[in-house]
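Printed here is target.cif (mmCIF, C-alpha atoms):
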data_input
loop_
_atom_site.label_atom_id
_atom_site.label_comp_id
_atom_site.auth_asym_id
_atom_site.auth_seq_id
_atom_site.Cartn_x
_atom_site.Cartn_y
_atom_site.Cartn_z
CA MET A 1 -11.13 -2.79 -25.92
CA ASN A 2 -13.37 0.07 -25.00
CA GLU A 3 -11.02 3.06 -24.68
CA HIS A 4 -13.79 5.29 -23.35
CA ALA A 5 -14.13 3.11 -20.27
CA HIS A 6 -10.71 4.22 -19.00
CA PRO A 7 -9.94 7.39 -17.06
CA SER A 8 -8.01 10.16 -18.78
CA VAL A 9 -4.67 11.74 -17.82
CA LYS A 10 -6.69 14.71 -16.50
CA THR A 11 -8.52 12.39 -14.05
CA PHE A 12 -5.20 10.87 -12.88
CA VAL A 13 -3.68 14.29 -12.21
CA ALA A 14 -6.85 15.45 -10.38
CA VAL A 15 -6.80 12.32 -8.16
CA TRP A 16 -3.07 12.80 -7.48
CA ALA A 17 -3.60 16.46 -6.47
CA THR A 18 -6.54 15.48 -4.21
CA LEU A 19 -4.38 12.80 -2.54
CA LEU A 20 -1.64 15.36 -1.82
CA VAL A 21 -4.17 17.88 -0.43
CA LEU A 22 -5.67 15.16 1.81
CA THR A 23 -2.16 14.27 3.05
CA ALA A 24 -1.52 17.92 3.98
CA LEU A 25 -4.95 18.05 5.66
CA THR A 26 -4.35 14.92 7.76
CA VAL A 27 -0.92 16.21 8.91
CA PHE A 28 -2.54 19.55 9.84
CA ALA A 29 -5.38 17.76 11.71
CA ALA A 30 -2.77 15.84 13.75
CA THR A 31 -1.48 19.14 15.20
CA LEU A 32 -4.96 19.97 16.58
CA GLU A 33 -6.23 18.89 19.98
CA LEU A 34 -9.25 16.77 19.06
CA GLY A 35 -9.20 14.07 21.74
CA PRO A 36 -10.53 10.75 20.40
CA PHE A 37 -11.40 12.48 17.13
CA ASN A 38 -7.69 12.71 16.17
CA ALA A 39 -7.76 8.99 15.35
CA ILE A 40 -11.20 9.14 13.73
CA VAL A 41 -10.27 12.09 11.47
CA ALA A 42 -6.90 10.57 10.48
CA LEU A 43 -8.38 7.15 9.65
CA SER A 44 -11.34 8.67 7.77
CA ILE A 45 -8.97 10.72 5.59
CA ALA A 46 -6.84 7.59 5.03
CA THR A 47 -9.95 5.69 3.93
CA ILE A 48 -10.95 8.43 1.47
CA LYS A 49 -7.41 8.31 0.04
CA ALA A 50 -7.46 4.50 -0.21
CA VAL A 51 -10.84 4.55 -1.98
CA LEU A 52 -9.56 7.15 -4.48
CA VAL A 53 -6.52 4.98 -5.26
CA LEU A 54 -8.74 1.87 -5.58
CA LEU A 55 -11.36 3.45 -7.83
CA PHE A 56 -9.17 5.51 -10.15
CA PHE A 57 -5.51 4.38 -10.03
CA MET A 58 -6.43 0.70 -9.76
CA GLU A 59 -9.39 1.32 -12.10
CA LEU A 60 -11.79 -0.63 -9.87
CA ARG A 61 -14.53 1.73 -11.06
CA TYR A 62 -14.08 0.32 -14.56
CA SER A 63 -13.50 -3.32 -13.51
CA THR A 64 -15.77 -6.32 -13.87
CA ALA A 65 -18.46 -7.06 -11.24
CA LEU A 66 -16.51 -10.18 -10.25
CA THR A 67 -13.46 -8.07 -9.31
CA LYS A 68 -15.65 -5.71 -7.28
CA VAL A 69 -17.16 -8.67 -5.38
CA ALA A 70 -13.63 -9.95 -4.59
CA VAL A 71 -12.56 -6.56 -3.20
CA VAL A 72 -15.76 -6.02 -1.17
CA SER A 73 -15.46 -9.53 0.30
CA ALA A 74 -11.84 -8.78 1.28
CA ILE A 75 -12.98 -5.65 3.13
CA PHE A 76 -15.77 -7.66 4.78
CA PHE A 77 -13.38 -10.34 6.05
CA LEU A 78 -10.88 -7.70 7.18
CA MET A 79 -13.65 -6.08 9.25
CA LEU A 80 -14.53 -9.50 10.72
CA LEU A 81 -10.87 -10.02 11.68
CA VAL A 82 -10.44 -6.59 13.30
CA GLY A 83 -14.00 -6.26 14.65
CA LEU A 84 -14.30 -9.64 16.34
CA SER A 85 -10.74 -9.50 17.72
CA LEU A 86 -11.43 -6.09 19.27
CA ALA A 87 -14.83 -7.26 20.56
CA ASP A 88 -12.95 -9.92 22.53
CA TYR A 89 -10.14 -7.72 23.90
CA LEU A 90 -12.32 -4.70 24.66
CA THR A 91 -14.78 -6.72 26.77
CA ARG A 92 -12.27 -8.72 28.85
CA GLY A 93 -12.47 -6.19 31.69
CA TRP A 94 -16.14 -7.08 32.08
CA SER A 95 -15.22 -10.44 33.61
CA SER A 96 -14.87 -8.81 37.07
CA TYR A 97 -18.64 -9.12 37.61
CA ILE A 98 -19.98 -12.11 39.60
CA ASN A 99 -18.23 -15.09 38.04
CA PRO A 100 -19.59 -18.42 39.33
CA PHE A 101 -16.50 -20.30 38.12
CA ARG A 102 -14.02 -18.22 40.06
CA MET B 1 0.37 -21.43 -28.97
CA THR B 2 3.30 -22.87 -27.02
CA ARG B 3 5.94 -20.86 -25.25
CA SER B 4 8.63 -21.79 -27.77
CA MET B 5 6.63 -20.14 -30.55
CA ARG B 6 6.76 -16.74 -28.82
CA PRO B 7 9.11 -14.17 -30.39
CA LYS B 8 12.79 -14.60 -29.65
CA ARG B 9 14.79 -11.91 -27.89
CA GLY B 10 15.41 -8.90 -30.11
CA LEU B 11 13.14 -10.13 -32.89
CA LYS B 12 10.99 -7.29 -34.20
CA LEU B 13 7.35 -8.11 -34.95
CA PRO B 14 4.45 -5.87 -35.85
CA ASP B 15 2.11 -5.17 -32.91
CA SER B 16 -0.72 -7.40 -34.12
CA GLU B 17 1.55 -10.43 -34.61
CA LEU B 18 3.24 -9.82 -31.29
CA ALA B 19 -0.20 -9.88 -29.68
CA VAL B 20 -1.09 -13.22 -31.31
CA HIS B 21 2.23 -14.66 -30.09
CA ASN B 22 1.33 -13.66 -26.53
CA LEU B 23 -2.06 -15.42 -26.56
CA ARG B 24 -1.90 -18.68 -24.59
CA HIS B 25 -3.83 -21.57 -26.12
CA HIS B 26 -6.32 -21.95 -23.25
CA PHE B 27 -7.82 -18.49 -23.76
CA ALA B 28 -10.39 -17.57 -26.41
CA ASP B 29 -8.87 -14.16 -27.08
CA LEU B 30 -6.51 -11.56 -25.63
CA GLU B 31 -9.32 -9.72 -23.86
CA GLN B 32 -10.30 -12.85 -21.93
CA GLN B 33 -6.64 -13.56 -21.18
CA SER B 34 -6.07 -10.06 -19.84
CA ALA B 35 -9.28 -10.09 -17.75
CA THR B 36 -8.27 -13.44 -16.22
CA ALA B 37 -4.76 -12.21 -15.43
CA LYS B 38 -6.15 -9.08 -13.78
CA PHE B 39 -8.65 -11.06 -11.69
CA GLY B 40 -5.84 -13.38 -10.58
CA MET B 41 -3.83 -10.35 -9.46
CA TRP B 42 -6.80 -9.01 -7.49
CA ILE B 43 -7.18 -12.39 -5.73
CA PHE B 44 -3.48 -12.24 -4.79
CA LEU B 45 -4.00 -8.70 -3.46
CA VAL B 46 -6.99 -9.94 -1.40
CA THR B 47 -4.65 -12.44 0.33
CA GLU B 48 -2.21 -9.56 0.89
CA ILE B 49 -4.99 -7.50 2.52
CA MET B 50 -5.63 -10.36 4.95
CA PHE B 51 -1.87 -10.73 5.60
CA PHE B 52 -1.40 -7.04 6.46
CA GLY B 53 -4.80 -7.14 8.21
CA GLY B 54 -3.31 -9.44 10.86
CA LEU B 55 -0.55 -6.90 11.54
CA PHE B 56 -3.05 -4.02 11.67
CA ALA B 57 -5.32 -5.96 14.07
CA SER B 58 -2.42 -6.73 16.45
CA TYR B 59 -1.34 -3.09 16.31
CA LEU B 60 -4.83 -1.92 17.33
CA ILE B 61 -5.20 -4.53 20.11
CA TYR B 62 -1.81 -3.62 21.65
CA ARG B 63 -2.53 0.10 21.29
CA LEU B 64 -5.73 -0.32 23.31
CA SER B 65 -4.02 -2.61 25.86
CA TYR B 66 -0.90 -0.47 26.45
CA TYR B 67 -2.23 2.91 25.45
CA ASN B 68 0.24 5.13 27.39
CA ALA B 69 3.29 3.21 26.21
CA TRP B 70 1.91 3.30 22.67
CA VAL B 71 1.48 7.09 22.76
CA ALA B 72 5.01 7.53 24.15
CA GLY B 73 6.49 5.31 21.42
CA SER B 74 4.47 6.89 18.66
CA GLN B 75 5.44 10.41 19.73
CA THR B 76 9.11 9.62 18.99
CA MET B 77 8.23 9.27 15.28
CA GLU B 78 9.39 12.09 13.02
CA ILE B 79 6.25 13.30 11.20
CA LYS B 80 8.37 15.06 8.57
CA TYR B 81 9.81 11.74 7.33
CA GLY B 82 6.39 10.09 7.26
CA THR B 83 4.83 13.03 5.40
CA ALA B 84 7.67 13.19 2.87
CA ASN B 85 7.39 9.46 2.20
CA THR B 86 3.60 9.66 1.82
CA ALA B 87 4.01 12.40 -0.81
CA VAL B 88 6.75 10.39 -2.58
CA LEU B 89 4.53 7.29 -2.76
CA ILE B 90 1.50 9.25 -4.03
CA CYS B 91 3.69 10.76 -6.77
CA SER B 92 5.02 7.30 -7.64
CA SER B 93 1.43 6.06 -7.98
CA LEU B 94 0.75 8.86 -10.48
CA THR B 95 3.87 7.99 -12.52
CA MET B 96 2.82 4.31 -12.40
CA VAL B 97 -0.65 5.00 -13.85
CA MET B 98 1.03 7.13 -16.50
CA ALA B 99 3.31 4.20 -17.42
CA VAL B 100 0.26 1.91 -17.73
CA HIS B 101 -1.57 4.60 -19.73
CA TRP B 102 1.28 5.00 -22.24
CA SER B 103 1.87 1.28 -22.58
CA LYS B 104 -1.83 0.95 -23.51
CA LEU B 105 -1.33 3.64 -26.15
CA GLY B 106 1.82 1.88 -27.40
CA SER B 107 4.47 4.50 -26.63
CA ARG B 108 7.56 2.58 -25.55
CA LYS B 109 9.53 5.75 -24.84
CA LEU B 110 6.94 7.34 -22.53
CA THR B 111 6.28 3.97 -20.85
CA ALA B 112 10.02 3.69 -20.13
CA LEU B 113 10.19 7.29 -18.87
CA PHE B 114 7.36 6.81 -16.38
CA LEU B 115 8.62 3.40 -15.28
CA ILE B 116 12.01 4.98 -14.52
CA LEU B 117 10.35 7.84 -12.59
CA THR B 118 8.32 5.30 -10.55
CA LEU B 119 11.46 3.29 -9.82
CA VAL B 120 13.39 6.42 -8.75
CA LEU B 121 10.55 7.53 -6.43
CA GLY B 122 10.40 4.01 -4.94
CA ILE B 123 14.14 4.16 -4.23
CA VAL B 124 13.75 7.64 -2.68
CA PHE B 125 11.08 6.18 -0.35
CA LEU B 126 13.41 3.35 0.70
CA GLY B 127 16.26 5.86 1.20
CA VAL B 128 14.16 8.00 3.57
CA LYS B 129 13.10 4.82 5.41
CA ALA B 130 16.76 3.80 5.77
CA VAL B 131 17.64 7.20 7.29
CA GLU B 132 14.70 6.79 9.70
CA TYR B 133 15.72 3.24 10.68
CA HIS B 134 19.26 4.47 11.30
CA GLU B 135 17.97 7.17 13.67
CA HIS B 136 15.91 4.57 15.56
CA TRP B 137 19.05 2.46 15.88
CA VAL B 138 21.12 5.41 17.16
CA HIS B 139 18.37 6.29 19.68
CA HIS B 140 18.29 2.68 21.02
CA GLU B 141 14.73 2.24 19.80
CA VAL B 142 15.33 -1.10 18.07
CA PRO B 143 13.87 -3.93 20.24
CA GLY B 144 16.52 -6.25 21.63
CA PRO B 145 19.46 -6.05 24.06
CA ASN B 146 20.24 -2.45 23.02
CA PHE B 147 16.69 -1.22 23.54
CA HIS B 148 16.52 1.65 25.98
CA PHE B 149 13.60 4.02 26.46
CA GLU B 150 13.73 7.01 28.80
CA HIS B 151 10.28 6.74 30.30
CA THR B 152 8.62 9.58 32.14
CA GLY B 153 5.02 8.41 32.46
CA ASN B 154 2.89 5.69 33.95
CA TYR B 155 3.83 2.77 31.70
CA ASP B 156 6.26 -0.07 31.36
CA PRO B 157 9.07 0.72 28.87
CA ARG B 158 8.94 -2.92 27.74
CA HIS B 159 5.53 -2.14 26.27
CA VAL B 160 7.18 0.62 24.20
CA SER B 161 9.47 -2.14 22.92
CA ILE B 162 6.35 -3.97 21.68
CA PHE B 163 5.31 -0.80 19.87
CA PHE B 164 8.68 -0.68 18.11
CA SER B 165 8.53 -4.42 17.31
CA LEU B 166 5.23 -3.87 15.49
CA TYR B 167 6.54 -0.67 13.90
CA PHE B 168 9.51 -2.54 12.44
CA ALA B 169 7.38 -5.54 11.44
CA MET B 170 4.80 -3.39 9.61
CA THR B 171 7.15 -0.87 7.95
CA GLY B 172 9.66 -3.66 7.28
CA MET B 173 7.05 -5.81 5.51
CA HIS B 174 5.94 -2.73 3.58
CA ALA B 175 9.55 -1.94 2.64
CA LEU B 176 10.07 -5.56 1.50
CA HIS B 177 7.07 -5.13 -0.79
CA MET B 178 8.64 -1.93 -2.14
CA VAL B 179 11.93 -3.76 -2.84
CA ILE B 180 10.02 -6.50 -4.72
CA GLY B 181 8.11 -3.74 -6.57
CA ALA B 182 11.41 -2.12 -7.58
CA GLY B 183 12.55 -5.50 -8.95
CA LEU B 184 9.31 -5.87 -10.92
CA LEU B 185 9.70 -2.35 -12.35
CA THR B 186 13.25 -3.20 -13.48
CA TRP B 187 11.94 -6.33 -15.20
CA LEU B 188 9.19 -4.28 -16.91
CA LEU B 189 11.77 -1.72 -18.09
CA ILE B 190 13.84 -4.49 -19.74
CA ALA B 191 10.79 -6.16 -21.33
CA ASN B 192 9.51 -2.77 -22.52
CA GLY B 193 12.94 -2.00 -23.98
CA LEU B 194 12.87 -5.33 -25.85
CA GLY B 195 9.50 -4.38 -27.32
CA ARG B 196 7.51 -7.11 -25.57
CA PHE B 197 4.46 -4.91 -24.96
CA SER B 198 1.92 -3.47 -27.36
CA PRO B 199 -1.51 -1.82 -27.08
CA GLU B 200 -2.99 -5.35 -27.46
CA TYR B 201 -0.72 -7.00 -24.91
CA ASN B 202 0.43 -5.09 -21.82
CA SER B 203 -0.91 -7.15 -18.91
CA PRO B 204 2.43 -7.29 -17.03
CA VAL B 205 2.54 -3.48 -16.86
CA GLU B 206 -1.07 -3.33 -15.63
CA LEU B 207 -0.55 -6.08 -13.03
CA VAL B 208 2.61 -4.49 -11.60
CA GLY B 209 0.62 -1.24 -11.51
CA LEU B 210 -2.09 -2.89 -9.38
CA TYR B 211 0.60 -4.25 -7.02
CA TRP B 212 2.32 -0.86 -6.74
CA HIS B 213 -0.92 0.95 -5.89
CA PHE B 214 -1.79 -1.71 -3.32
CA VAL B 215 1.56 -1.11 -1.58
CA ASP B 216 0.71 2.62 -1.66
CA ILE B 217 -2.65 1.93 0.07
CA ILE B 218 -0.88 -0.01 2.86
CA TRP B 219 1.33 3.04 3.49
CA ILE B 220 -1.72 5.34 3.39
CA TYR B 221 -2.92 3.46 6.54
CA LEU B 222 0.52 2.97 8.16
CA PHE B 223 1.22 6.71 8.07
CA PRO B 224 -1.68 7.89 10.31
CA LEU B 225 -1.54 4.80 12.57
CA LEU B 226 2.19 5.05 13.32
CA TYR B 227 2.87 8.79 13.09
CA LEU B 228 -0.30 10.84 13.46
CA ILE B 229 -3.07 9.51 15.71
CA SER B 230 -1.03 9.63 18.94
CA HIS B 231 0.68 12.93 18.20
CA HIS B 232 -1.64 15.05 20.36
CA HIS B 233 -2.27 12.70 23.24
CA PRO B 234 -0.48 13.47 26.49
CA GLY B 235 1.50 10.36 27.43
CA GLY B 236 0.11 9.31 30.82
#

Show me, as structure tokens, the structure contained in the file I just sent.
Amino acid sequence: MNEHAHPSVKTFVAVWATLLVLTALTVFAATLELGPFNAIVALSIATIKAVLVLLFFMELRYSTALTKVAVVSAIFFLMLLVGLSLADYLTRGWSSYINPFR
Amino acid sequence: MTRSMRPKRGLKLPDSELAVHNLRHHFADLEQQSATAKFGMWIFLVTEIMFFGGLFASYLIYRLSYYNAWVAGSQTMEIKYGTANTAVLICSSLTMVMAVHWSKLGSRKLTALFLILTLVLGIVFLGVKAVEYHEHWVHHEVPGPNFHFEHTGNYDPRHVSIFFSLYFAMTGMHALHMVIGAGLLTWLLIANGLGRFSPEYNSPVELVGLYWHFVDIIWIYLFPLLYLISHHHPGG
């Protein structure tokens, strides 16, 4: 076991503090009038927090390449699921153009 | 090494021997065994991502379809509860990594301390969630015959009921994962107390840690989606 390949207590505490600061930031951002950017800001902060948890708390940074491939493929398939579903629902209104089968 | 040759309950063994007893015969060494166990856990978590992914996708589709009703439903959420629970879960993730850290260094006492702290924080989270659920019940926000929503805007209150159905499905599934996590932590505490873990063998602690952090990540996304992103939109 290579002990140097694991993060220290100092790293854990720093990540924890950053996560709390980001939580305060996202709650503050929700009180601002940002229009469509409210959702974008909130989900971007959530993604930064999730990546911090993945890399440091779940030690993905120090994991094998095989584990990293598994996680990246999960994110890829999740984006397929959400992306293609939304591509369908968001374009259904377009069917009001000349439809020969109507 | 067969299961029957593993140490009996309460039997004290030096760390190195304990480690040998925990090596299953189909692995070359403990390092390979631990790497395999960890990869298996990650594969399980990948299936969990896809499971919750379905819920997240339906939430987004319905939000775009019934936007005004979604905003109205979301604005009834108490941000203070969501924020408090987010902080509680982040703290529990820190105590969980500390438990894993100390089990790797072989301190049974500190491992137990941090496992207990993680368990307590998990129970605090569930307590806050229970208070929140109770308020939804009192305010007739639980979908079903008692559902009643005072609507003021241009939307169908039945669509707000769909919002609450998804809210209960997503937070309920998350809470179920927390309950299972609390059970796993209790099991770890007992095994740790019996001296089952050592610096050479502590995979169960690490695997439960991975699970606990995963459940934290799900909440990290539930919090903005349910409580925050609709907070500043005027319900139409």

Next item on the list: Give the residues of chain B that lie within 9 Å of chain A; count only C-alpha atoms, and format the answer as number ranges by chain.
Entry: B: 31, 35, 38-39, 42-43, 45-47, 49-50, 53-54, 56-58, 60-61, 64-65, 79, 83, 86-87, 90-91, 93-94, 96-98, 101, 200, 206, 209-210, 213-214, 216-218, 220-221, 223-225, 228-233

Next item on the list: Identify, on the basis of only C-alpha atoms, every residue whose closest approach to Ala37 (chain B) does not exceed 9 Å; exclude the query and any residue fewer than 4 positions from it along the same chain; express the result as a ChimeraX atom specification.
Entry: /B:32-33,41-42,203-204,207

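Coordinates place CA of Lys129 (chain B) at a distance of 28.5 Å from CA of Gly153 (chain B).
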
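Residue membership of the PyMOL selection byres ((chain B and resi 137-149) around 9) in the shown file amounts to B:Gly73, B:Glu132, B:Tyr133, B:His134, B:Glu135, B:His136, B:Glu150, B:His151, B:Pro157, B:Arg158, B:Val160, B:Ser161, B:Ile162, B:Phe164, B:Ser165, B:Phe168.
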
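Pairwise distance (CA of Val131 (chain B), CA of Phe114 (chain B)) equals 25.8 Å.
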
Region 23-34 of chain A: axis-aligned bounding box, 8 Å on each side, centre and edge lengths in Å, one decimal, as lines of an AutoDock Vina configuration file:
center_x = -5.1
center_y = 17.1
center_z = 11.5
size_x = 24.3
size_y = 21.7
size_z = 32.9

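We find CA of Val205 (chain B) and CA of Arg108 (chain B) to be spaced 11.7 Å apart.
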
Next item on the list: Do a neighbour search on region 171-177 of chain B at 9 Å with all atoms listed in the file, toss out local chain neighbours closer than 4 positions, and write the hits as a PyMOL selection string.
Entry: chain B and resi 52+125-126+129+166-167+181-182+212+215+218-219+222

File contents for region 104-211 of chain B with C-alpha atoms as a CSV table (one decimal), in the first residue's frame:
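Wrote it out as result_39.csv, contents follow:
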chain,number,residue,atom,x,y,z
B,104,LYS,CA,-6.5,2.5,7.6
B,105,LEU,CA,-4.2,3.7,10.3
B,106,GLY,CA,-5.5,1.0,12.6
B,107,SER,CA,-7.1,3.1,15.4
B,108,ARG,CA,-10.2,1.3,16.5
B,109,LYS,CA,-11.2,4.0,19.0
B,110,LEU,CA,-11.0,6.9,16.5
B,111,THR,CA,-12.7,4.8,13.8
B,112,ALA,CA,-15.6,4.1,16.2
B,113,LEU,CA,-15.8,7.8,17.2
B,114,PHE,CA,-16.1,9.0,13.6
B,115,LEU,CA,-18.5,6.2,12.7
B,116,ILE,CA,-20.7,7.3,15.6
B,117,LEU,CA,-20.5,11.0,14.5
B,118,THR,CA,-21.5,10.0,10.9
B,119,LEU,CA,-24.4,7.9,12.2
B,120,VAL,CA,-25.6,10.8,14.4
B,121,LEU,CA,-25.4,13.3,11.5
B,122,GLY,CA,-27.3,10.9,9.3
B,123,ILE,CA,-30.1,10.6,11.9
B,124,VAL,CA,-30.2,14.4,12.2
B,125,PHE,CA,-30.7,14.6,8.4
B,126,LEU,CA,-33.6,12.1,8.6
B,127,GLY,CA,-35.1,14.0,11.6
B,128,VAL,CA,-35.1,17.3,9.7
B,129,LYS,CA,-36.6,15.5,6.7
B,130,ALA,CA,-39.3,14.1,8.9
B,131,VAL,CA,-40.2,17.5,10.2
B,132,GLU,CA,-40.4,18.8,6.6
B,133,TYR,CA,-42.6,15.9,5.5
B,134,HIS,CA,-44.9,16.5,8.5
B,135,GLU,CA,-45.3,20.2,7.4
B,136,HIS,CA,-46.1,19.1,3.8
B,137,TRP,CA,-48.7,16.8,5.3
B,138,VAL,CA,-50.3,19.5,7.4
B,139,HIS,CA,-50.3,21.9,4.4
B,140,HIS,CA,-52.2,19.3,2.3
B,141,GLU,CA,-49.2,19.1,-0.1
B,142,VAL,CA,-49.0,15.3,-0.1
B,143,PRO,CA,-50.5,14.0,-3.5
B,144,GLY,CA,-53.7,12.0,-3.0
B,145,PRO,CA,-57.3,12.7,-1.8
B,146,ASN,CA,-56.1,15.3,0.7
B,147,PHE,CA,-54.0,17.3,-1.8
B,148,HIS,CA,-55.1,20.9,-1.9
B,149,PHE,CA,-53.2,23.7,-3.5
B,150,GLU,CA,-54.3,27.4,-3.3
B,151,HIS,CA,-53.4,28.4,-6.8
B,152,THR,CA,-53.2,32.0,-7.8
B,153,GLY,CA,-51.5,31.8,-11.3
B,154,ASN,CA,-52.0,30.5,-14.7
B,155,TYR,CA,-51.6,26.8,-14.1
B,156,ASP,CA,-53.5,23.6,-13.2
B,157,PRO,CA,-53.1,22.7,-9.5
B,158,ARG,CA,-53.0,19.1,-10.5
B,159,HIS,CA,-49.6,19.8,-12.1
B,160,VAL,CA,-48.4,21.0,-8.7
B,161,SER,CA,-49.4,17.6,-7.5
B,162,ILE,CA,-47.1,16.0,-10.0
B,163,PHE,CA,-44.3,18.2,-8.7
B,164,PHE,CA,-45.0,16.9,-5.1
B,165,SER,CA,-45.2,13.3,-6.4
B,166,LEU,CA,-41.7,13.7,-7.8
B,167,TYR,CA,-40.5,15.6,-4.8
B,168,PHE,CA,-41.6,12.7,-2.5
B,169,ALA,CA,-40.3,10.0,-4.9
B,170,MET,CA,-36.8,11.7,-5.1
B,171,THR,CA,-36.3,12.7,-1.5
B,172,GLY,CA,-38.0,9.5,-0.3
B,173,MET,CA,-35.6,7.3,-2.4
B,174,HIS,CA,-32.7,9.4,-1.0
B,175,ALA,CA,-34.0,9.0,2.5
B,176,LEU,CA,-34.3,5.3,2.0
B,177,HIS,CA,-30.7,5.2,1.0
B,178,MET,CA,-29.8,7.2,4.1
B,179,VAL,CA,-31.7,4.6,6.3
B,180,ILE,CA,-29.8,1.8,4.6
B,181,GLY,CA,-26.5,3.8,5.1
B,182,ALA,CA,-27.4,4.1,8.9
B,183,GLY,CA,-27.8,0.3,9.0
B,184,LEU,CA,-24.5,-0.2,7.3
B,185,LEU,CA,-22.8,2.2,9.7
B,186,THR,CA,-24.2,0.3,12.7
B,187,TRP,CA,-22.9,-3.0,11.3
B,188,LEU,CA,-19.4,-1.4,10.8
B,189,LEU,CA,-19.5,-0.1,14.4
B,190,ILE,CA,-20.1,-3.6,15.7
B,191,ALA,CA,-17.5,-5.2,13.4
B,192,ASN,CA,-15.0,-2.5,14.4
B,193,GLY,CA,-15.8,-3.1,18.0
B,194,LEU,CA,-15.1,-6.8,17.5
B,195,GLY,CA,-11.7,-6.0,16.0
B,196,ARG,CA,-12.5,-7.2,12.5
B,197,PHE,CA,-10.6,-4.5,10.8
B,198,SER,CA,-6.9,-3.7,10.5
B,199,PRO,CA,-4.7,-1.5,8.4
B,200,GLU,CA,-4.3,-4.5,6.0
B,201,TYR,CA,-8.0,-5.3,5.9
B,202,ASN,CA,-10.6,-2.5,6.0
B,203,SER,CA,-12.5,-2.8,2.8
B,204,PRO,CA,-16.0,-2.8,4.4
B,205,VAL,CA,-15.3,0.7,5.9
B,206,GLU,CA,-14.0,2.0,2.6
B,207,LEU,CA,-17.0,0.6,0.6
B,208,VAL,CA,-19.6,2.0,3.0
B,209,GLY,CA,-17.7,5.3,2.7
B,210,LEU,CA,-18.1,5.3,-1.1
B,211,TYR,CA,-21.8,4.6,-0.7
